[in-house]
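To be precise, the following lines are start.cif, and they hold mmCIF, C-alpha atoms and all ligand atoms.
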data_data
#
loop_
_atom_site.label_atom_id
_atom_site.label_comp_id
_atom_site.auth_asym_id
_atom_site.auth_seq_id
_atom_site.Cartn_x
_atom_site.Cartn_y
_atom_site.Cartn_z
CA MET V 568 -2.08 -20.48 -6.60
CA ASN V 569 -4.97 -18.33 -5.42
CA ASN V 570 -6.06 -20.32 -2.37
CA LEU V 571 -8.81 -17.91 -1.39
CA SER V 572 -10.57 -18.37 -4.70
CA SER V 573 -11.17 -21.99 -3.71
CA ILE V 574 -13.16 -20.89 -0.63
CA ASP V 575 -16.91 -20.93 -1.16
CA PRO V 576 -17.86 -17.31 -0.40
CA LYS V 577 -21.38 -18.36 0.61
CA SER V 578 -20.29 -20.81 3.29
CA PRO V 579 -21.43 -19.45 6.71
CA SER V 580 -18.28 -20.65 8.46
CA THR V 581 -16.15 -18.86 5.92
CA LEU V 582 -18.13 -15.67 6.29
CA HIS V 583 -17.86 -15.85 10.06
CA ALA V 584 -14.12 -16.35 9.88
CA ARG V 585 -13.76 -13.43 7.51
CA SER V 586 -15.91 -11.04 9.52
CA ASN V 587 -13.34 -11.38 12.32
CA LEU V 588 -10.48 -10.34 10.11
CA LEU V 589 -9.08 -6.84 10.43
CA ILE V 590 -8.40 -5.70 6.89
CA ILE V 591 -7.12 -2.20 6.36
CA ILE V 592 -6.29 -0.76 2.97
CA LEU V 593 -4.23 2.39 2.57
CA LEU V 594 -5.37 4.49 -0.38
CA GLY V 595 -3.98 7.65 -1.90
CA PRO V 596 -1.50 8.88 -4.49
CA PRO V 597 2.17 7.89 -4.45
CA GLY V 598 3.98 9.95 -1.80
CA ALA V 599 0.90 10.60 0.37
CA GLY V 600 2.39 8.68 3.32
CA LYS V 601 0.88 5.20 2.98
CA GLY V 602 4.21 3.39 3.32
CA THR V 603 5.35 5.62 6.19
CA HIS V 604 2.40 4.73 8.38
CA ALA V 605 1.97 1.12 7.28
CA GLY V 606 4.97 -0.20 9.26
CA PRO V 607 4.09 1.39 12.63
CA LEU V 608 0.43 0.45 12.13
CA SER V 609 1.37 -3.15 11.47
CA GLN V 610 3.41 -3.25 14.71
CA ARG V 611 0.59 -1.67 16.67
CA LEU V 612 -2.13 -4.00 15.37
CA HIS V 613 0.01 -7.17 15.08
CA ILE V 614 -1.02 -7.83 11.51
CA PRO V 615 1.33 -7.85 8.50
CA HIS V 616 1.93 -4.92 6.18
CA ILE V 617 1.69 -6.08 2.58
CA SER V 618 2.93 -3.71 -0.11
CA THR V 619 2.33 -4.98 -3.64
CA GLY V 620 5.11 -2.64 -4.86
CA ASP V 621 7.56 -4.24 -2.37
CA LEU V 622 6.48 -7.74 -3.44
CA PHE V 623 7.09 -6.83 -7.08
CA ARG V 624 10.48 -5.26 -6.30
CA GLU V 625 11.48 -8.43 -4.43
CA ASN V 626 10.49 -10.53 -7.45
CA ILE V 627 12.61 -8.28 -9.67
CA ARG V 628 15.56 -8.51 -7.26
CA GLN V 629 15.32 -12.30 -7.22
CA LYS V 630 14.84 -12.44 -11.00
CA THR V 631 11.77 -14.69 -10.71
CA PRO V 632 9.67 -15.29 -13.88
CA LEU V 633 7.18 -12.71 -12.54
CA GLY V 634 10.02 -10.26 -11.82
CA LEU V 635 11.39 -10.56 -15.36
CA GLN V 636 7.88 -10.05 -16.77
CA ILE V 637 7.16 -6.83 -14.85
CA GLN V 638 10.58 -5.15 -14.66
CA GLU V 639 10.09 -2.91 -17.69
CA ILE V 640 6.47 -2.04 -16.76
CA MET V 641 7.53 -0.90 -13.30
CA SER V 642 10.56 1.09 -14.35
CA GLN V 643 8.27 3.11 -16.66
CA GLY V 644 5.83 3.80 -13.81
CA SER V 645 2.99 1.88 -15.52
CA LEU V 646 0.62 -0.49 -13.74
CA VAL V 647 1.18 -4.24 -13.70
CA PRO V 648 -1.81 -6.09 -15.30
CA ASP V 649 -4.61 -6.92 -12.83
CA ALA V 650 -4.38 -10.70 -13.30
CA LEU V 651 -0.70 -10.76 -12.22
CA VAL V 652 -1.33 -8.44 -9.26
CA LEU V 653 -4.33 -10.42 -8.04
CA GLU V 654 -2.60 -13.78 -8.28
CA MET V 655 0.42 -12.54 -6.35
CA LEU V 656 -1.66 -10.76 -3.71
CA PHE V 657 -4.10 -13.60 -3.04
CA ASP V 658 -1.23 -16.01 -2.77
CA ARG V 659 0.38 -13.73 -0.15
CA ILE V 660 -2.76 -13.22 1.93
CA SER V 661 -3.47 -16.94 2.05
CA LYS V 662 -0.35 -17.34 4.26
CA LYS V 663 -0.71 -18.14 7.95
CA ASP V 664 0.48 -14.74 9.19
CA CYS V 665 -2.59 -13.15 7.55
CA GLU V 666 -5.17 -15.22 9.44
CA LYS V 667 -6.05 -12.34 11.79
CA GLY V 668 -5.94 -9.70 9.08
CA PHE V 669 -3.52 -7.55 7.10
CA ILE V 670 -2.75 -4.04 5.94
CA LEU V 671 -2.60 -3.45 2.19
CA ASP V 672 -0.45 -0.67 0.79
CA GLY V 673 -0.52 0.03 -2.96
CA PHE V 674 -3.51 -2.23 -3.57
CA PRO V 675 -6.16 -1.88 -4.98
CA ARG V 676 -5.13 0.50 -7.76
CA THR V 677 -7.82 -0.25 -10.37
CA LEU V 678 -11.56 -0.72 -10.19
CA PRO V 679 -11.43 -4.48 -11.00
CA GLN V 680 -8.85 -4.96 -8.20
CA ALA V 681 -11.12 -3.05 -5.77
CA GLN V 682 -14.21 -5.02 -6.76
CA THR V 683 -12.42 -8.35 -6.39
CA LEU V 684 -11.10 -7.44 -2.95
CA PHE V 685 -14.42 -6.06 -1.71
CA THR V 686 -16.29 -9.17 -2.85
CA GLU V 687 -13.94 -11.30 -0.73
CA PHE V 688 -13.71 -8.89 2.23
CA PRO V 689 -16.77 -6.64 2.57
CA ASN V 690 -15.73 -5.65 6.12
CA LEU V 691 -12.55 -3.95 5.05
CA LEU V 692 -11.67 -0.46 6.20
CA ALA V 693 -10.15 1.98 3.69
CA LEU V 694 -7.97 4.84 4.95
CA TYR V 695 -7.58 7.57 2.38
CA PHE V 696 -4.64 10.03 2.34
CA ASP V 697 -4.39 12.95 -0.06
CA LEU V 698 -2.05 15.87 -0.76
CA PRO V 699 -1.57 18.42 -3.58
CA ASP V 700 0.48 17.20 -6.58
CA GLU V 701 3.45 19.53 -6.04
CA THR V 702 3.86 18.37 -2.43
CA LEU V 703 3.74 14.76 -3.63
CA VAL V 704 6.42 15.34 -6.27
CA GLU V 705 8.68 17.10 -3.75
CA ARG V 706 8.24 14.25 -1.30
CA ILE V 707 8.83 11.44 -3.78
CA VAL V 708 11.88 12.76 -5.63
CA GLY V 709 13.69 13.23 -2.29
CA ARG V 710 12.83 9.75 -1.10
CA LEU V 711 15.58 7.25 -0.25
CA ALA V 712 15.43 3.77 1.25
CA CYS V 713 17.90 1.36 2.77
CA LYS V 714 18.96 -1.28 0.28
CA GLN V 715 19.10 -3.87 3.07
CA CYS V 716 16.23 -3.27 5.54
CA GLY V 717 14.01 -0.94 3.47
CA LYS V 718 13.87 1.81 6.14
CA PRO V 719 12.60 4.97 4.40
CA TYR V 720 14.35 8.38 4.53
CA HIS V 721 13.98 11.75 2.83
CA ARG V 722 16.92 13.91 1.70
CA GLN V 723 15.37 17.06 3.23
CA PHE V 724 12.63 16.06 5.65
CA ASP V 725 14.03 12.92 7.26
CA PRO V 726 17.75 12.59 6.44
CA PRO V 727 19.91 9.77 7.82
CA LYS V 728 22.43 10.68 10.54
CA GLN V 729 25.31 9.82 8.16
CA THR V 730 24.77 10.96 4.56
CA GLY V 731 23.86 8.07 2.29
CA LEU V 732 23.86 5.37 5.00
CA CYS V 733 21.06 3.68 6.92
CA ASP V 734 20.94 4.59 10.65
CA GLN V 735 19.96 1.03 11.54
CA CYS V 736 22.22 -1.20 9.46
CA LYS V 737 24.74 1.26 7.88
CA THR V 738 23.89 -0.06 4.40
CA PRO V 739 23.92 2.43 1.48
CA LEU V 740 20.63 4.19 0.73
CA ILE V 741 19.18 4.07 -2.78
CA GLN V 742 16.60 5.98 -4.80
CA ARG V 743 13.92 3.95 -6.57
CA GLU V 744 14.23 4.06 -10.34
CA ASP V 745 10.57 5.10 -10.67
CA ASP V 746 11.02 7.99 -8.20
CA ARG V 747 12.66 10.18 -10.88
CA GLU V 748 10.56 13.30 -11.54
CA GLU V 749 9.33 12.52 -15.07
CA ILE V 750 8.24 9.03 -14.00
CA VAL V 751 6.61 10.43 -10.84
CA ARG V 752 4.46 12.82 -12.91
CA LYS V 753 3.40 9.88 -15.08
CA ARG V 754 2.53 7.82 -11.99
CA LEU V 755 0.39 10.69 -10.67
CA GLN V 756 -1.50 10.85 -13.97
CA ILE V 757 -2.07 7.07 -13.88
CA TYR V 758 -3.31 7.47 -10.31
CA LYS V 759 -5.87 10.08 -11.43
CA ASP V 760 -7.05 7.99 -14.37
CA GLN V 761 -7.08 4.51 -12.84
CA THR V 762 -7.05 4.76 -9.05
CA GLN V 763 -9.37 7.72 -8.42
CA PRO V 764 -12.35 5.49 -9.45
CA VAL V 765 -11.30 3.14 -6.62
CA ILE V 766 -11.73 5.97 -4.09
CA ASP V 767 -15.15 6.76 -5.56
CA PHE V 768 -16.10 3.07 -5.40
CA PHE V 769 -15.31 2.80 -1.66
CA ALA V 770 -16.83 6.23 -0.92
CA GLN V 771 -20.19 4.88 -2.10
CA LYS V 772 -20.10 2.01 0.43
CA PRO V 773 -21.41 2.87 3.88
CA ASP V 774 -18.74 3.13 6.64
CA VAL V 775 -15.83 1.91 4.52
CA LEU V 776 -13.78 4.99 3.58
CA LYS V 777 -12.15 7.21 6.22
CA GLU V 778 -10.33 10.27 4.99
CA ILE V 779 -7.21 10.98 7.04
CA PRO V 780 -6.15 14.65 6.85
CA SER V 781 -2.48 14.46 5.78
CA PHE V 782 -1.14 17.78 7.14
CA GLY V 783 0.89 18.03 10.35
CA SER V 784 3.61 15.84 11.82
CA LYS V 785 4.00 12.08 11.32
CA ASP V 786 2.81 11.53 14.91
CA GLN V 787 -0.27 13.71 14.47
CA ILE V 788 -1.26 11.82 11.34
CA PHE V 789 -0.64 8.47 13.02
CA LEU V 790 -2.93 9.50 15.88
CA ARG V 791 -5.69 10.34 13.38
CA ILE V 792 -5.25 6.89 11.86
CA LEU V 793 -5.57 5.18 15.26
CA GLN V 794 -8.68 7.25 16.03
CA ALA V 795 -10.29 6.33 12.70
CA ILE V 796 -9.61 2.65 13.32
CA SER V 797 -10.81 2.57 16.92
CA ILE V 798 -14.03 4.35 16.03
CA ASP V 799 -14.57 1.71 13.40
CA LEU V 800 -13.76 -1.14 15.78
CA LEU V 801 -16.25 0.24 18.32
CA ARG V 802 -18.90 0.25 15.61
CA ASN V 803 -18.42 -3.51 15.01
P1 LIG C 1 4.43 1.35 -5.14
O1 LIG C 1 5.61 0.81 -4.42
O2 LIG C 1 3.14 1.07 -4.45
O3 LIG C 1 4.57 2.81 -5.51
O4 LIG C 1 4.35 0.56 -6.53
C1 LIG C 1 5.42 0.61 -7.46
C2 LIG C 1 4.96 0.05 -8.79
O5 LIG C 1 4.56 -1.33 -8.64
C3 LIG C 1 3.77 0.73 -9.45
O6 LIG C 1 4.12 1.92 -10.14
C4 LIG C 1 3.28 -0.39 -10.38
O7 LIG C 1 4.15 -0.51 -11.49
C5 LIG C 1 3.47 -1.63 -9.52
N1 LIG C 1 2.28 -1.91 -8.68
C6 LIG C 1 2.24 -1.96 -7.32
N2 LIG C 1 1.01 -2.25 -6.88
C7 LIG C 1 0.24 -2.38 -7.99
C8 LIG C 1 -1.13 -2.65 -8.20
N3 LIG C 1 -1.98 -2.83 -7.17
N4 LIG C 1 -1.59 -2.70 -9.48
C9 LIG C 1 -0.76 -2.52 -10.53
N5 LIG C 1 0.55 -2.24 -10.41
C10 LIG C 1 1.05 -2.17 -9.15
#

Mind converting the file's structure to structure tokens?
Ligand code: AMP
Amino acid sequence: MNNLSSIDPKSPSTLHARSNLLIIILLGPPGAGKGTHAGPLSQRLHIPHISTGDLFRENIRQKTPLGLQIQEIMSQGSLVPDALVLEMLFDRISKKDCEKGFILDGFPRTLPQAQTLFTEFPNLLALYFDLPDETLVERIVGRLACKQCGKPYHRQFDPPKQTGLCDQCKTPLIQREDDREEIVRKRLQIYKDQTQPVIDFFAQKPDVLKEIPSFGSKDQIFLRILQAISIDLLRN
């Protein structure tokens, strides 16, 4: 159930509570680094990292009714319908661990998703990462993740110490089905058609969108993220 939809958005106490929330959304094409920085950022800010893609993959793994409904859509690289995404997301962010805020990765991906989120949380901060298509393809098709703990790796740029095994838990690494090149190119096209309008939507709102230059090392980029957030926090 979408608990937040039952909150009266005009109630002053509700607005006050929400204005204290730290809500960060990570925007950008697949492979731009959203997932890489989301984990460390979550640890630094003590708010949960919520990836709609991870939530869907967990539903598929557990064979829930939602998982069975979206399995085919996801394996083809298409977008899950807005109503299903919104219901799942609002259910997740109504949990207790989100009461101080949260980091969203992979959401919003369509204009209706963005409008719904912004209506509920007008104080959100959007961090935008971008890279050329060929760099994105190279990054994504080499991507691997631990089957057990989800730790990300890259065949070339960030290989595990022992080929095919997670450094942390020694579980085999897997490639996502939708990280195959032909599906990746389709996902990039969907991003251009459906998610680019989301960037334009937030760019029109004053002080919401911060572009994070995505060249340089992981640490350099993370530092830029922290600077963008602290400047914003000082403003409030
Ligand atoms: P990601 O892990 O963010 O790359 O997402 C993997 C897949 O999950 C996408 O290609 C979509 O099929 C689905 N998905 C994740 N988030 C959303 C969303 N906000 N809207 C629609 N589909 C989504």

Adding 4 Å on each side of the box along x, y and z that holds all listed atoms of ligand LIG 1 (chain C), could you give its centre and edge lengths in Å to one decimal, as AutoDock Vina command-line options?
--center_x 1.8 --center_y 0.0 --center_z -8.0 --size_x 15.6 --size_y 13.6 --size_z 15.1

Contacts to ligand LIG 1 (chain C) at 9 Å cut-off (only C-alpha atoms and all ligand atoms) as a ChimeraX atom specification: /V:596-598,601-602,618-624,637-649,651-653,656,672-677,680,745-746,751,754,757

Distance criterion (all atoms listed in the file): nearest to Arg628 in chain V out of V:Glu687, V:His604, V:Lys714, V:Leu593: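 Under the stated criterion, the closest residue is V:Lys714.
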
Point (-13.0, -6.1, 4.3), cut-off 8 Å, counting only C-alpha atoms, residues as an MDAnalysis selection string: chainID V and resid 586 588:591 684:685 687:692

Would you kindly return, as a PDB file with C-alpha atoms, in the frame of the given file, each protein, DNA or RNA residue with an atom no farther than 12 Å from any atom of Gln610 in chain V, considering all atoms listed in the file and excluding same-chain residues fewer than 6 positions away?
ATOM      1  CA  HIS V 604       2.400   4.730   8.380  1.00  0.00           C
ATOM      2  CA  HIS V 616       1.930  -4.920   6.180  1.00  0.00           C
ATOM      3  CA  PHE V 669      -3.520  -7.550   7.100  1.00  0.00           C
ATOM      4  CA  ILE V 670      -2.750  -4.040   5.940  1.00  0.00           C
TER       5      ILE V 670
END

Atomic distance CA of Glu625 in chain V - CA of Pro679 in chain V, expressed in Å with one decimal: 24.2 Å

Atom pair CA of Gln723 in chain V / CA of Gln742 in chain V: separation (Å): 13.7 Å

Gap from CA of Ser781 in chain V to CA of Gly731 in chain V - Å, one decimal: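 Distance between the two atoms: 27.3 Å.
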
Residues near Phe789 in chain V, cut-off 9 Å, all atoms listed in the file, skip fewer than 3 positions along chain, as a ChimeraX atom specification: /V:604,607-608,784-786,792-794

Can those selected residues be exported to a file as a PDB file, keeping the file's coordinate frame so that it contains C-alpha atoms?
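Output file selection_23.pdb follows:
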ATOM      1  CA  HIS V 604       2.400   4.730   8.380  1.00  0.00           C
ATOM      2  CA  PRO V 607       4.090   1.390  12.630  1.00  0.00           C
ATOM      3  CA  LEU V 608       0.430   0.450  12.130  1.00  0.00           C
ATOM      4  CA  SER V 784       3.610  15.840  11.820  1.00  0.00           C
ATOM      5  CA  LYS V 785       4.000  12.080  11.320  1.00  0.00           C
ATOM      6  CA  ASP V 786       2.810  11.530  14.910  1.00  0.00           C
ATOM      7  CA  ILE V 792      -5.250   6.890  11.860  1.00  0.00           C
ATOM      8  CA  LEU V 793      -5.570   5.180  15.260  1.00  0.00           C
ATOM      9  CA  GLN V 794      -8.680   7.250  16.030  1.00  0.00           C
TER      10      GLN V 794
END

Name the residues in contact with Phe769 in chain V at a cut-off of 10 Å, using all atoms listed in the file, excluding same-chain residues fewer than 6 positions from it; report them as a tab-separated table (two decimals) with C-alpha atoms, in the coordinates of the input.
chain	number	residue	atom	x	y	z
V	678	LEU	CA	-11.56	-0.72	-10.19
V	681	ALA	CA	-11.12	-3.05	-5.77
V	682	GLN	CA	-14.21	-5.02	-6.76
V	685	PHE	CA	-14.42	-6.06	-1.71
V	691	LEU	CA	-12.55	-3.95	5.05
V	692	LEU	CA	-11.67	-0.46	6.20
V	693	ALA	CA	-10.15	1.98	3.69
V	695	TYR	CA	-7.58	7.57	2.38
V	775	VAL	CA	-15.83	1.91	4.52
V	776	LEU	CA	-13.78	4.99	3.58
V	777	LYS	CA	-12.15	7.21	6.22

Counting only C-alpha atoms, the residue of V:Arg752, V:Arg659, V:Phe724, V:Gln715 that sits nearest Leu740 in chain V: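 When distances to Leu740 in chain V are compared using only C-alpha atoms, the smallest one comes from V:Gln715.
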